[in-house]
Amino acid sequence: MSGKTGRASSFRQVRGVGLRVAGNVAEFGGYVLLARSLGPSSFGRISVLLVIVRFVALACDRGVAYAGTREVAGRGADSPAIWAWQRRRESWSLAGTALVALATVAIGWPELAPMALGVFARGASREWIATGQNRLEIAAVPSLVHGAGIVAGVLAVDRIVAGGTTDSSASLIIGAAALLWYATSVAINPAPRGHRSTAGAPAGGHGQVAIFAENLIISLDVVLLAWLVNDRETGIYAAMLRFPNALSLVLWLSITAAVPRVVALARHGGAHDAELRRRCMRLSALLGIGTAAGGAAIATLAVTVFGEEYRDGRSALALLLIGSVALALSAPFRTLQLVAGDDSGVARVSVIIAAFTLTGFVVTIPIWGMNGAAACSAASQVAFLAFFWANTRRGAATAQTVTAQTAQTTPASPTGTGERRTVTDPATA
């Protein structure tokens, strides 16, 4: 990759991530307005259903968005297999949407049924295709529309409807914004003609397991708080969780946005190329420092943003932000791992860490409430950082060993036969 091409790719990445950040800021603002209007108890109930929607959407995705970005970067979006995978995601997401809608009615929350549309929007959106093509600005537009839709909806309801936002109106706003998300995604990522072919799913099963395990860690604490404590504490914790979740989402966007460029670089030097590792080290330090600085600012503004009803969540927020710093430090190494394709190793470690973290949730939440949940969540991100750091070091050591062995391969045998041989002991050469 030439220097000019690399700089252009970097600019596209920055612009694309910047637009996604703008969309997430708008979404964050919408949920802040909802939290202030609804109060902790109602917002806690909404947050539990948002977690359920996320998990069902992940199940419907079947690992396509994880491995699909890498596949698009490698083979191009015109491949019939890419669109066959997308069509399968849409079918599963429709079924998941119906399932969640019926479940909300069955458990006595019919007014929240429109939120089930989030399953279809998350599970069937097409941003992953644009991201794999390095069309990062295009990939960012649906998120921007989604966030703006939530903000506009909340402001309109508060202005027009007497009594302000209720659970049912909040559900309608979230559902309508989800439809806007999906419609925009389809409009700017149209399917090519002749894409209706059959193909097996991409090699994303292990990736899906890894993502699902990490989402259990960062979201199931909300469900357990509602079950083991009460709705009020759940709402406070869910509001505080919006800050680190926003930071985490920006970091994940950076990871996926970097995939096309890293794939191109890895074609020349491999996923454990020394230059790639050095870049990852520098970026890791910058992200860690930036996240720590941002976290300090966030901690001082939390009560101002959400209101006095959420003051009890400050200590939990401080613990959660420690986990965000650990995630920031590990983000570049996660990109290398994704490009290297060792999804099974990441999946195994993710499941192990998730199992320990969930055990910690069950033990600590009844005793320390939201602070116990936050401490376990932060510890899990530190564990992930240790794994990705160690794995990158191990990959570097392996690459150096292979390079040393290759350097010891002589161009021709001393007998002049032209045969090549590998010398394992320099003393015998």
# chains A, B, ... in the order shown; residues from 1 in each chain; ligands from 1

$ closest_atom_pairs --of "range 316-402 of chain A" --to "range 241-256 of chain A" --cutoff "8 Å" --atoms "only C-alpha atoms" --output "CSV"
residue,atom,partner,partner_atom,distance
A:Leu317,CA,A:Leu241,CA,7.0
A:Leu320,CA,A:Pro244,CA,6.4
A:Leu321,CA,A:Pro244,CA,5.9
A:Ser324,CA,A:Pro244,CA,5.9
A:Leu327,CA,A:Ser248,CA,7.2
A:Ala328,CA,A:Leu251,CA,6.5
A:Ala331,CA,A:Ile255,CA,6.3
A:Pro332,CA,A:Ile255,CA,6.7
A:Arg334,CA,A:Ile255,CA,7.1
A:Thr335,CA,A:Ile255,CA,5.3

$ residues_around --residues "range 39-42 of chain A" --least-positions-apart "3" --cutoff "6 Å" --atoms "only C-alpha atoms" --output "PyMOL selection string"
chain A and resi 35-36+45+231-232+235-236

$ closest_residue --among "A:Asn230, A:Val223, A:Val339, A:Ser91" --to "Glu71 in chain A" --atoms "only C-alpha atoms"
A:Val339

$ closest_residue --among "A:Pro80, A:Gly74, A:Gly63, A:Gly30" --to "Ala191 in chain A" --atoms "only C-alpha atoms"
A:Pro80

$ closest_residue --among "A:Ser344, A:Ser37, A:Gln133, A:Ser143" --to "Val25 in chain A" --atoms "only C-alpha atoms"
A:Ser143

$ residues_around --residues "Leu286 in chain A" --least-positions-apart "3" --cutoff "12 Å" --atoms "only C-alpha atoms" --output "VMD selection string"
chain A and resid 279 to 283 289 to 293 325 328 to 332

$ closest_residue --among "A:Phe120, A:Phe388, A:Phe28, A:Trp83" --to "Val53 in chain A" --atoms "only C-alpha atoms"
A:Phe120

$ closest_residue --among "A:Ile217, A:Val151, A:Ile211, A:Val64" --to "Leu358 in chain A" --atoms "only C-alpha atoms"
A:Ile217

$ atom_distance --atom1 "CA of Ala226 in chain A" --atom2 "CA of Phe43 in chain A"
11.3 Å

$ closest_residue --among "A:Val21, A:Ala318, A:Ala113, A:Leu102" --to "Thr300 in chain A" --atoms "only C-alpha atoms"
A:Ala318
